[in-house]
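So the structure is just underneath, and the comments pick up after that.
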Amino acid sequence: MTAPRTTPATAPAYPLRLGDDALIAAQRLLQWCARAPQLEEDVALANICLDLLGQARALLTHAGELEGRGRDEDTLAFLRTEQEFTHVQLVELDNGDFAVSMAKLLFFTTYQELLYGRLAASTDPALAALAAKAVKESAYHTGHAAAWTVRLGDGTEESHHRMQHAVDTIWPYTHALFTPDALDRAAAANGTGIDPATLRPLWHERITRTLKEATLTVPDDGWAPGGGRQGIHTEAFGYLLTEMQALHRAHPGARW
Amino acid sequence: MTAPTGPTAPTGTDGRDAARLREALATVHDPEIRVLTIEELGILRQVDITPDGRAHITITPTYLGCPAMDTIRADIRAAARAAGYPQATIDTTWSPPWTTRWIGAAARDKLRAAGIAPPAPAPPPGARLLPLAATAPRCPLCGAADTTELTRFGSTACKALWRCGTCGEPFDHVKEH
């Protein structure tokens, strides 16, 4: 599709970072596959992974087309090195116990739902169409994560304690979702993207509502690790990426 | 590329050829909901014949990560080949986004007859999903209204699993989307 000349150009790195967020979140979450506490939960998490992977494929494909150097979704997912990935560290963190996984899912998919809701009005028609589709999927993801957060937080003494610990552990990593850099600011300025800082008030309001319902305490803002957008990742990411890319690197172009 | 909002009339250099091809493609069944065709689900958006006589088909997947899309594309290619168009190109468009509102009344009846509860009519604008509190579908087997959601994420991305309180049977429900 050829964009009209009046449309500002989308920087390829912009959909790429959003695609990296979705891809690595999917890859990490699918480690629950065949390990979830119940069969229904196993199916639910696999479904969510599939949605996230679908978002990642569309976003990486779009980034590759914008870039115009012939890199498709597979090249971008399987042949980049660790420091070329620009997702936030939140999505690569180990799954921990089920409470940690649900805290990550709640924080991340609530961000995604708000992000996609706004990106549906992007001046980039392809990005707008993807976002309008993805926002409906995200609503199911946040509903699922919120339901578990409430069930565990307002459950037994043990589940409450572990859910609070999960929220406290993951909270610092959420700040990077809302910290704009030059790329975000440029995308917001030309209408192709949005400034993520503008999402935080509504995100905080929604998360606070869920945590209160779950009888949990909203953590104070303090330590705010960052660097994911610049390719700086935690130790956990190297292991995840190696496993994700091993087959493709050993057998380039392998097909089922 | 045009962005159709509902089933559209065929276009192209020869409308009748495109209409015939569309009829042929409309027989392709969804691999996961086998009682419905891709036409009835609203996945098949546009069928054109290019000036040099090639088929140009536009589809809109139901979900971004729908794993059935590769099979659907292969089935469309096979149907186009059988209809005399070996060189079909298939475009995917996400705009307007797929919605269960595109599933018509006859298709909803087919779903019900197959034991699958169809999606409810469109929710009012601005309505949001509440955790574990979706609109309850009627049981497609006995018609009872006292049904319970077992899991919102069912056998495929587009379905949830429910159970009837009257006949006790579990059933699939195509989620409103």
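Ordered as shown in the structure tokens, chains take letters A, B, and onward, while each chain numbers its residues from 1 and ligands are numbered from 1 in the order shown.
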**Report entry** Sel. of helix (DSSP H, G or I) residues, stretch 8-174 of chain B, as a ChimeraX atom specification
**Finding:** /B:15-25,38-41,69-82,100-102,105-113
Please identify every residue of chain A that has at least one atom no farther than 10 Å from an atom of chain B, counting only C-alpha atoms, and for each give the shortest atom pair and the distance in Å to one decimal, arranged by chain then increasing number, as CSV.
```
residue,atom,partner,partner_atom,distance
A:Met1,CA,B:Met1,CA,7.2
A:Thr2,CA,B:Met1,CA,9.4
A:Glu40,CA,B:Thr151,CA,6.3
A:Glu41,CA,B:Thr151,CA,8.1
A:Asp42,CA,B:Phe153,CA,9.5
A:Val43,CA,B:Phe153,CA,6.5
A:Ala44,CA,B:Phe153,CA,4.7
A:Leu45,CA,B:Phe153,CA,8.2
A:Ala46,CA,B:Phe153,CA,8.9
A:Asn47,CA,B:Ala157,CA,6.0
A:Ile48,CA,B:Phe153,CA,8.3
A:Cys49,CA,B:Gly65,CA,8.8
A:Leu50,CA,B:Gly65,CA,5.3
A:Asp51,CA,B:Gly65,CA,4.8
A:Leu52,CA,B:Gly65,CA,7.2
A:Leu53,CA,B:Gly65,CA,6.2
A:Gly54,CA,B:Gly65,CA,3.5
A:Gln55,CA,B:Leu64,CA,5.8
A:Ala56,CA,B:Gly65,CA,8.9
A:Arg57,CA,B:Gly65,CA,8.1
A:Ala58,CA,B:Leu64,CA,7.4
A:Pro125,CA,B:Ser95,CA,8.4
A:Ala126,CA,B:Trp94,CA,7.7
A:Leu127,CA,B:Trp94,CA,9.5
A:Ala128,CA,B:Ser95,CA,8.4
A:Ala129,CA,B:Ser95,CA,5.0
A:Leu130,CA,B:Trp94,CA,6.2
A:Ala131,CA,B:Pro97,CA,9.2
A:Ala132,CA,B:Pro97,CA,6.5
A:Lys133,CA,B:Pro97,CA,5.3
A:Ala134,CA,B:Leu64,CA,7.1
A:Lys136,CA,B:His177,CA,6.8
A:Glu137,CA,B:Tyr63,CA,7.9
A:Ala139,CA,B:Leu129,CA,7.0
A:Tyr140,CA,B:Leu129,CA,7.6
A:His141,CA,B:Pro131,CA,9.8
A:Thr142,CA,B:Pro131,CA,8.3
A:Gly143,CA,B:Pro131,CA,4.6
A:His144,CA,B:Pro131,CA,6.5
A:Ala145,CA,B:Pro131,CA,8.7
A:Ala146,CA,B:Pro131,CA,6.9
A:Ala147,CA,B:Pro131,CA,5.6
A:Trp148,CA,B:Pro131,CA,9.3
A:Val150,CA,B:Pro131,CA,9.8
```
Report task. Would you please extract all strand (DSSP E) residues from stretch 49-103 of chain B, as assigned by DSSP on the backbone, and give them as a list in words? Result ->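 Residues of stretch 49-103 of chain B classed as strand (DSSP E): Ile49, Ala55, His56, Ile57, Thr58, Ile59, Thr89, Ile90, Asp91 and Thr92 of chain B.
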Mind dumping the selected residues with C-alpha atoms as an mmCIF file, in the first residue's frame?
```
data_model
loop_
_atom_site.group_PDB
_atom_site.id
_atom_site.type_symbol
_atom_site.label_atom_id
_atom_site.label_comp_id
_atom_site.auth_asym_id
_atom_site.auth_seq_id
_atom_site.Cartn_x
_atom_site.Cartn_y
_atom_site.Cartn_z
ATOM 1 C CA ILE B 49 -10.017 -9.998 -11.632
ATOM 2 C CA ALA B 55 -7.455 -13.280 -9.394
ATOM 3 C CA HIS B 56 -6.843 -10.720 -6.675
ATOM 4 C CA ILE B 57 -8.402 -11.667 -3.350
ATOM 5 C CA THR B 58 -8.543 -9.617 -0.145
ATOM 6 C CA ILE B 59 -9.119 -11.222 3.233
ATOM 7 C CA THR B 89 -2.698 -13.155 -5.215
ATOM 8 C CA ILE B 90 -4.071 -12.864 -1.686
ATOM 9 C CA ASP B 91 -3.830 -9.587 0.211
ATOM 10 C CA THR B 92 -4.460 -9.321 3.933
#
```
Requested in this report: For atom CA of A:Glu158 and atom CA of A:Val100, quote the distance in Å rounded to one decimal.
Outcome: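 Distance between the two atoms: 13.8 Å.
Rounded to one decimal, atom CA of A:Val218 and atom CA of A:Glu205 lie 10.5 Å from each other.
Distance check against A:Asp72 using only C-alpha atoms: of A:Leu247, A:Leu59, A:Ala99, A:Ile24, the minimum falls on A:Leu59.
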Requested in this report: Please provide as a PyMOL selection string all residues within 9 Å of A:Asp221, with the sequence filter that same-chain residues fewer than 5 positions apart are discarded (counting only C-alpha atoms).
Outcome: chain A and resi 171-172+175
Query raised in the report: Which one of B:Thr148, B:Thr100, B:Thr27, B:Thr135 sits closest to B:Ala79 if you count only C-alpha atoms?
Result: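 Among the listed residues, the smallest separation from B:Ala79 belongs to B:Thr27.
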